[in-house]
>>> print(open('entry_31.cif').read())   # mmCIF, C-alpha atoms and all ligand atoms
data_coords
#
loop_
_atom_site.label_atom_id
_atom_site.label_comp_id
_atom_site.auth_asym_id
_atom_site.auth_seq_id
_atom_site.Cartn_x
_atom_site.Cartn_y
_atom_site.Cartn_z
CA MET N 258 8.78 3.21 19.83
CA ILE N 259 5.78 2.98 17.49
CA LYS N 260 3.19 0.94 19.39
CA SER N 261 0.51 0.73 16.76
CA ASP N 262 0.25 -1.53 13.72
CA PHE N 263 -2.66 -0.46 11.52
CA HIS N 264 -2.28 -2.81 8.56
CA THR N 265 -2.28 -6.52 9.32
CA HIS N 266 -3.79 -9.67 7.85
CA THR N 267 -5.18 -12.97 9.12
CA SER N 268 -6.49 -16.16 7.55
CA PHE N 269 -9.67 -14.32 6.56
CA SER N 270 -7.54 -12.85 3.73
CA GLY N 271 -7.19 -14.90 0.54
CA ASP N 272 -3.39 -14.71 0.73
CA CYS N 273 -2.84 -15.34 4.43
CA GLU N 274 -2.89 -18.51 6.51
CA THR N 275 -2.15 -17.11 9.97
CA PRO N 276 -4.98 -17.59 12.48
CA MET N 277 -6.20 -14.30 13.95
CA GLU N 278 -5.25 -15.25 17.48
CA ASP N 279 -1.65 -16.03 16.46
CA GLN N 280 -1.35 -12.50 15.09
CA ILE N 281 -2.88 -11.01 18.23
CA ASN N 282 -0.63 -13.00 20.56
CA LYS N 283 2.43 -11.88 18.62
CA ALA N 284 1.26 -8.26 18.76
CA ILE N 285 0.95 -8.57 22.55
CA GLU N 286 4.39 -10.16 22.78
CA LEU N 287 5.82 -7.26 20.76
CA GLY N 288 4.35 -4.80 23.23
CA LEU N 289 1.98 -3.16 20.76
CA GLU N 290 -0.84 -1.13 22.31
CA HIS N 291 -2.98 -0.67 19.22
CA PHE N 292 -3.56 -3.43 16.71
CA CYS N 293 -5.80 -3.06 13.71
CA ILE N 294 -6.77 -6.06 11.60
CA THR N 295 -7.33 -5.09 7.97
CA ASP N 296 -8.19 -8.20 5.98
CA HIS N 297 -8.49 -7.95 2.22
CA LEU N 298 -11.60 -7.42 0.23
CA ASP N 299 -11.10 -6.94 -3.49
CA LEU N 300 -14.48 -6.86 -5.15
CA ASP N 301 -13.90 -7.21 -8.87
CA TYR N 302 -10.53 -8.96 -8.52
CA PRO N 303 -9.85 -10.73 -11.87
CA GLU N 304 -10.89 -14.36 -11.45
CA ARG N 305 -8.06 -15.68 -13.60
CA TYR N 306 -5.59 -14.73 -10.84
CA GLY N 307 -7.53 -16.10 -7.87
CA TYR N 308 -9.81 -14.65 -5.22
CA PHE N 309 -9.60 -11.86 -2.69
CA ASP N 310 -13.08 -12.24 -1.40
CA LEU N 311 -14.03 -11.79 2.23
CA ASP N 312 -17.02 -13.06 4.10
CA VAL N 313 -17.54 -9.70 5.78
CA GLY N 314 -20.19 -10.70 8.35
CA PRO N 315 -18.27 -13.58 9.99
CA TYR N 316 -15.04 -11.55 9.75
CA VAL N 317 -16.55 -8.60 11.60
CA ASP N 318 -18.04 -10.89 14.27
CA ARG N 319 -14.71 -12.61 14.80
CA VAL N 320 -12.70 -9.38 15.16
CA LEU N 321 -15.26 -7.99 17.61
CA GLU N 322 -15.09 -11.22 19.60
CA MET N 323 -11.27 -10.92 19.76
CA LYS N 324 -11.51 -7.25 20.66
CA ASP N 325 -13.51 -8.20 23.71
CA ARG N 326 -11.50 -11.30 24.61
CA TYR N 327 -8.17 -9.44 24.62
CA LYS N 328 -9.34 -6.07 25.88
CA ASP N 329 -7.17 -6.20 29.00
CA LYS N 330 -4.04 -6.89 26.97
CA ILE N 331 -4.27 -4.89 23.76
CA ASN N 332 -6.61 -2.55 21.91
CA ILE N 333 -7.89 -4.34 18.84
CA TYR N 334 -9.48 -2.34 16.03
CA LEU N 335 -11.81 -3.52 13.31
CA GLY N 336 -10.33 -2.55 9.99
CA ILE N 337 -10.57 -3.68 6.40
CA GLU N 338 -8.48 -3.18 3.26
CA PHE N 339 -10.65 -2.38 0.27
CA GLY N 340 -9.08 -2.95 -3.13
CA LEU N 341 -10.35 0.15 -4.92
CA VAL N 342 -11.01 0.44 -8.63
CA PRO N 343 -12.42 3.42 -10.53
CA GLU N 344 -15.79 1.77 -11.21
CA GLU N 345 -19.08 3.28 -10.05
CA GLY N 346 -20.78 -0.06 -9.38
CA VAL N 347 -17.90 -1.40 -7.31
CA SER N 348 -17.57 1.86 -5.37
CA LYS N 349 -21.25 1.67 -4.51
CA ARG N 350 -20.79 -1.83 -3.07
CA TYR N 351 -17.84 -0.68 -0.94
CA GLU N 352 -19.91 2.28 0.19
CA ASP N 353 -22.69 -0.05 1.40
CA LEU N 354 -20.24 -2.29 3.23
CA ALA N 355 -18.56 0.70 4.88
CA ASN N 356 -21.89 2.06 6.04
CA ASN N 357 -23.28 -1.22 7.31
CA HIS N 358 -20.47 -2.42 9.58
CA PRO N 359 -18.87 -0.85 12.65
CA PHE N 360 -15.40 -0.41 11.17
CA ASP N 361 -12.80 1.60 13.06
CA PHE N 362 -10.60 2.02 10.04
CA ILE N 363 -10.80 1.55 6.28
CA LEU N 364 -7.67 1.29 4.23
CA GLY N 365 -8.11 2.06 0.55
CA SER N 366 -5.53 0.31 -1.61
CA ILE N 367 -5.19 -0.14 -5.33
CA HIS N 368 -4.19 -3.68 -6.30
CA THR N 369 -5.45 -3.90 -9.87
CA ILE N 370 -5.11 -1.61 -12.85
CA ASN N 371 -7.52 -2.05 -15.73
CA TRP N 372 -8.25 -5.61 -14.57
CA LYS N 373 -4.61 -6.56 -14.31
CA ASP N 374 -2.55 -7.17 -11.19
CA PRO N 375 1.00 -5.78 -11.47
CA TYR N 376 2.17 -8.73 -9.37
CA PHE N 377 1.72 -10.83 -12.52
CA PRO N 378 3.86 -10.43 -15.68
CA ASP N 379 0.87 -9.86 -18.00
CA TYR N 380 0.44 -6.37 -16.55
CA TRP N 381 3.91 -5.43 -17.75
CA GLU N 382 3.62 -6.90 -21.25
CA GLY N 383 4.27 -4.23 -23.86
CA LYS N 384 4.96 -1.54 -21.24
CA THR N 385 8.07 0.16 -20.03
CA ARG N 386 8.56 0.38 -16.30
CA HIS N 387 7.73 4.08 -16.48
CA GLU N 388 4.48 3.47 -18.39
CA GLY N 389 3.44 0.74 -15.97
CA MET N 390 4.02 3.00 -13.00
CA VAL N 391 2.22 5.98 -14.54
CA GLU N 392 -0.81 3.84 -15.35
CA TYR N 393 -0.84 2.62 -11.75
CA PHE N 394 -0.61 6.12 -10.26
CA ASP N 395 -3.30 7.36 -12.67
CA THR N 396 -5.56 4.52 -11.49
CA ILE N 397 -5.00 5.50 -7.86
CA LEU N 398 -6.00 9.06 -8.62
CA ALA N 399 -9.10 8.00 -10.55
CA SER N 400 -10.10 5.59 -7.77
CA ILE N 401 -9.84 8.08 -4.91
CA ARG N 402 -11.61 10.73 -6.94
CA MET N 403 -14.52 8.34 -7.29
CA TYR N 404 -14.55 6.75 -3.85
CA ASN N 405 -14.34 8.69 -0.62
CA ASN N 406 -15.38 6.30 2.15
CA TYR N 407 -11.92 5.24 3.38
CA ASP N 408 -9.48 6.66 5.93
CA SER N 409 -5.99 6.09 4.61
CA LEU N 410 -4.44 5.35 1.22
CA GLY N 411 -2.48 2.09 1.41
CA HIS N 412 1.09 1.49 0.14
CA LEU N 413 1.15 4.30 -2.43
CA ASP N 414 4.14 3.03 -4.42
CA TYR N 415 4.08 -0.70 -3.71
CA ILE N 416 4.15 -1.36 -7.46
CA ILE N 417 7.93 -0.98 -7.26
CA ARG N 418 7.98 -4.44 -5.66
CA TYR N 419 7.11 -5.79 -9.09
CA THR N 420 9.30 -3.69 -11.31
CA ASP N 421 12.69 -4.98 -12.23
CA ILE N 422 14.68 -2.82 -9.85
CA PRO N 423 17.23 -4.97 -8.14
CA ALA N 424 17.31 -4.44 -4.41
CA ASP N 425 20.66 -3.02 -3.47
CA PRO N 426 21.62 -4.60 -0.16
CA GLY N 427 24.37 -2.03 0.30
CA ARG N 428 21.80 0.72 0.50
CA ASN N 429 19.18 -1.05 2.52
CA LYS N 430 20.55 0.27 5.78
CA GLU N 431 20.22 3.83 4.64
CA LEU N 432 17.21 5.71 5.81
CA LEU N 433 16.90 8.31 3.13
CA PHE N 434 16.50 5.89 0.30
CA ASP N 435 14.05 6.01 -2.57
CA ASN N 436 13.21 3.27 -4.98
CA PHE N 437 12.26 5.53 -7.81
CA GLU N 438 12.79 9.07 -8.95
CA TYR N 439 9.94 11.06 -7.44
CA LYS N 440 10.46 13.88 -9.97
CA GLU N 441 9.61 11.55 -12.86
CA TYR N 442 6.11 11.12 -11.40
CA SER N 443 5.71 14.35 -9.47
CA GLU N 444 2.72 15.60 -11.44
CA VAL N 445 0.43 12.68 -10.66
CA LEU N 446 1.89 12.07 -7.19
CA ASP N 447 1.31 15.70 -6.22
CA GLU N 448 -2.28 15.41 -7.42
CA ILE N 449 -2.77 12.32 -5.27
CA LEU N 450 -1.18 13.93 -2.20
CA ARG N 451 -3.17 17.15 -2.62
CA HIS N 452 -6.36 15.17 -2.98
CA LEU N 453 -5.67 13.26 0.26
CA ILE N 454 -4.97 16.49 2.12
CA ARG N 455 -8.11 18.18 0.81
CA LYS N 456 -10.23 15.20 1.83
CA ASP N 457 -8.56 14.83 5.24
CA LYS N 458 -7.30 11.33 4.43
CA ALA N 459 -4.16 9.74 5.78
CA LEU N 460 -1.21 8.53 3.78
CA GLU N 461 -0.11 5.11 4.90
CA VAL N 462 3.54 4.39 5.59
CA ASN N 463 3.73 0.69 4.82
CA THR N 464 6.86 -0.93 6.20
CA ALA N 465 6.69 -4.05 4.02
CA GLY N 466 9.11 -2.37 1.62
CA TYR N 467 11.87 -3.07 4.15
CA LYS N 468 10.73 -6.68 4.34
CA TYR N 469 10.96 -7.00 0.56
CA GLY N 470 14.55 -5.75 0.68
CA LEU N 471 13.64 -2.54 -1.14
CA GLY N 472 15.37 -0.39 1.46
CA SER N 473 12.39 1.89 1.92
CA THR N 474 8.85 2.09 3.18
CA HIS N 475 5.91 2.52 0.76
CA PRO N 476 6.11 5.40 0.11
CA GLY N 477 9.63 6.44 1.03
CA TYR N 478 11.62 9.52 1.83
CA SER N 479 10.85 11.96 -0.98
CA VAL N 480 7.09 11.33 -1.08
CA LEU N 481 6.84 11.64 2.70
CA LYS N 482 8.74 14.92 2.54
CA ARG N 483 6.53 16.17 -0.24
CA TYR N 484 3.28 15.26 1.56
CA LYS N 485 4.54 17.19 4.57
CA GLU N 486 5.56 20.14 2.41
CA LEU N 487 2.07 20.27 0.86
CA GLY N 488 0.51 20.37 4.33
CA GLY N 489 -0.09 16.66 4.95
CA LYS N 490 -0.25 15.69 8.58
CA LEU N 491 -2.04 12.35 8.72
CA ILE N 492 0.27 9.35 8.59
CA SER N 493 -1.01 5.88 9.41
CA ILE N 494 1.56 3.15 9.96
CA GLY N 495 1.24 -0.51 9.06
CA SER N 496 3.44 -3.53 8.51
CA ASP N 497 1.04 -5.30 6.12
CA GLY N 498 2.13 -8.39 8.07
CA HIS N 499 0.67 -11.67 6.84
CA LYS N 500 2.78 -13.68 9.32
CA PRO N 501 3.51 -13.09 13.01
CA GLU N 502 7.21 -12.44 12.35
CA HIS N 503 6.28 -9.59 10.00
CA LEU N 504 4.20 -7.55 12.43
CA ALA N 505 5.62 -4.14 13.36
CA TYR N 506 8.33 -4.81 10.77
CA ASP N 507 11.26 -2.36 11.06
CA PHE N 508 9.17 0.10 13.07
CA ASP N 509 12.33 1.50 14.68
CA LYS N 510 13.69 2.50 11.28
CA THR N 511 10.28 3.89 10.33
CA HIS N 512 10.23 5.99 13.48
CA ASP N 513 13.54 7.58 12.48
CA LEU N 514 12.41 8.04 8.88
CA LEU N 515 9.30 9.92 9.99
CA LEU N 516 11.32 12.20 12.26
CA ALA N 517 13.78 12.80 9.42
CA THR N 518 10.95 13.80 7.07
CA GLY N 519 9.44 16.27 9.53
CA TYR N 520 6.69 14.40 11.37
CA ASP N 521 6.24 14.28 15.12
CA ALA N 522 3.09 12.16 15.28
CA TYR N 523 1.06 9.55 13.43
CA VAL N 524 -2.63 8.70 13.56
CA ILE N 525 -4.73 5.79 14.76
CA TYR N 526 -8.45 5.40 14.10
CA LYS N 527 -11.35 4.51 16.30
CA ASN N 528 -14.91 4.51 14.91
CA ARG N 529 -13.51 6.04 11.70
CA ASP N 530 -12.13 9.04 13.57
CA TYR N 531 -8.43 9.77 13.94
CA GLU N 532 -6.36 10.74 16.92
CA PHE N 533 -2.69 11.68 16.93
CA VAL N 534 -0.09 9.63 18.74
CA LYS N 535 3.30 11.24 19.40
CA LEU N 536 6.31 9.62 17.80
ZN ZN H 601 -2.57 -4.09 -0.12
ZN ZN H 602 -2.51 -5.54 3.03
#
>>> encode(input="entry_31.cif", output="structure tokens")
Amino acid sequence: MIKSDFHTHTSFSGDCETPMEDQINKAIELGLEHFCITDHLDLDYPERYGYFDLDVGPYVDRVLEMKDRYKDKINIYLGIEFGLVPEEGVSKRYEDLANNHPFDFILGSIHTINWKDPYFPDYWEGKTRHEGMVEYFDTILASIRMYNNYDSLGHLDYIIRYTDIPADPGRNKELLFDNFEYKEYSEVLDEILRHLIRKDKALEVNTAGYKYGLGSTHPGYSVLKRYKELGGKLISIGSDGHKPEHLAYDFDKTHDLLLATGYDAYVIYKNRDYEFVKL
């Protein structure tokens, strides 16, 4: 059983209402040993959509307080999810935040592409699905080329949540399922995976894809196989749970998927350093 959830949210995130202690109590109830809280900070998030701001000081204090309060029951880790963009000024601000707080783990995720959020229809206006996905993957590559102070790349292909692919419930039970044709994007995806490997960064396996009925983690089977093939070893695992019932979501299935794609361990982070945990 996977006993570590390294991507979770609390009410410090703009899109989450669950109090931190409710998440922690659920994690304890689930029998998790390692629990990393990674609330959102998206500097430069387009104002017309809303806010993904985070009051970093109080957030850090609160997680550290919880870490101490629950230390006999569960290991709590101070994480954060940075919404990366390929902008020098923004990268510099993330860099300062990363250096000035005692984070255990920094997740780098890309939520906006040229000041548009693919969650909203205006991103897709005048684009085919293929074009929208390529632009997203290109933005990931540009962002991680510019910004290096993170540990794992979050939900690599989560954009498929917002494309028009109907979830096929008949296939959701299958493990070796992909939501898009890897070959169509192999050039840019290989560049991203090679970059992560060169920089000793982890690739996150985000289990929210199962929750969304997509039948796969983000990323799924073929990307995980490819990362392994290229020499990738560092896999971090997270549910991206915004509610207690979504923590450790489908971790059993994820365990089997990782074994099927050639992995025998995943990583957790303490003080920005990884250690392997056997599957
Ligand atoms: Zn995210
Ligand atoms: Zn998240």
>>> closest_residue(input="entry_31.cif", among="N:His291, N:Lys490, N:Lys482, N:His499", to="ligand ZN 601 (chain H)", atoms="all atoms listed in the file")
N:His499
>>> residues_near_point(input="entry_31.cif", point="(3.1, 8.6, 0.9)", cutoff="10 Å", atoms="all atoms listed in the file", output="ChimeraX atom specification")
/N:410-414,446,449-450,453,459-463,474-485,489,492-493
>>> closest_residue(input="entry_31.cif", among="N:Glu344, N:Asp262, N:Asp530, N:Glu486", to="Thr396 of chain N", atoms="all atoms listed in the file")
N:Glu344
>>> atom_distance(input="entry_31.cif", atom1="atom CA of Phe362 of chain N", atom2="atom CA of Tyr302 of chain N")
21.6 Å
>>> residues_near_ligand(input="entry_31.cif", ligand="ligand ZN 601 (chain H)", cutoff="9 Å", atoms="all atoms listed in the file", output="list in words")
His264, His297, Glu338, Phe339, Gly340, Leu364, Gly365, Ser366, Ile367, His368, Gly411, His412, Tyr415 and Asp497 of chain N
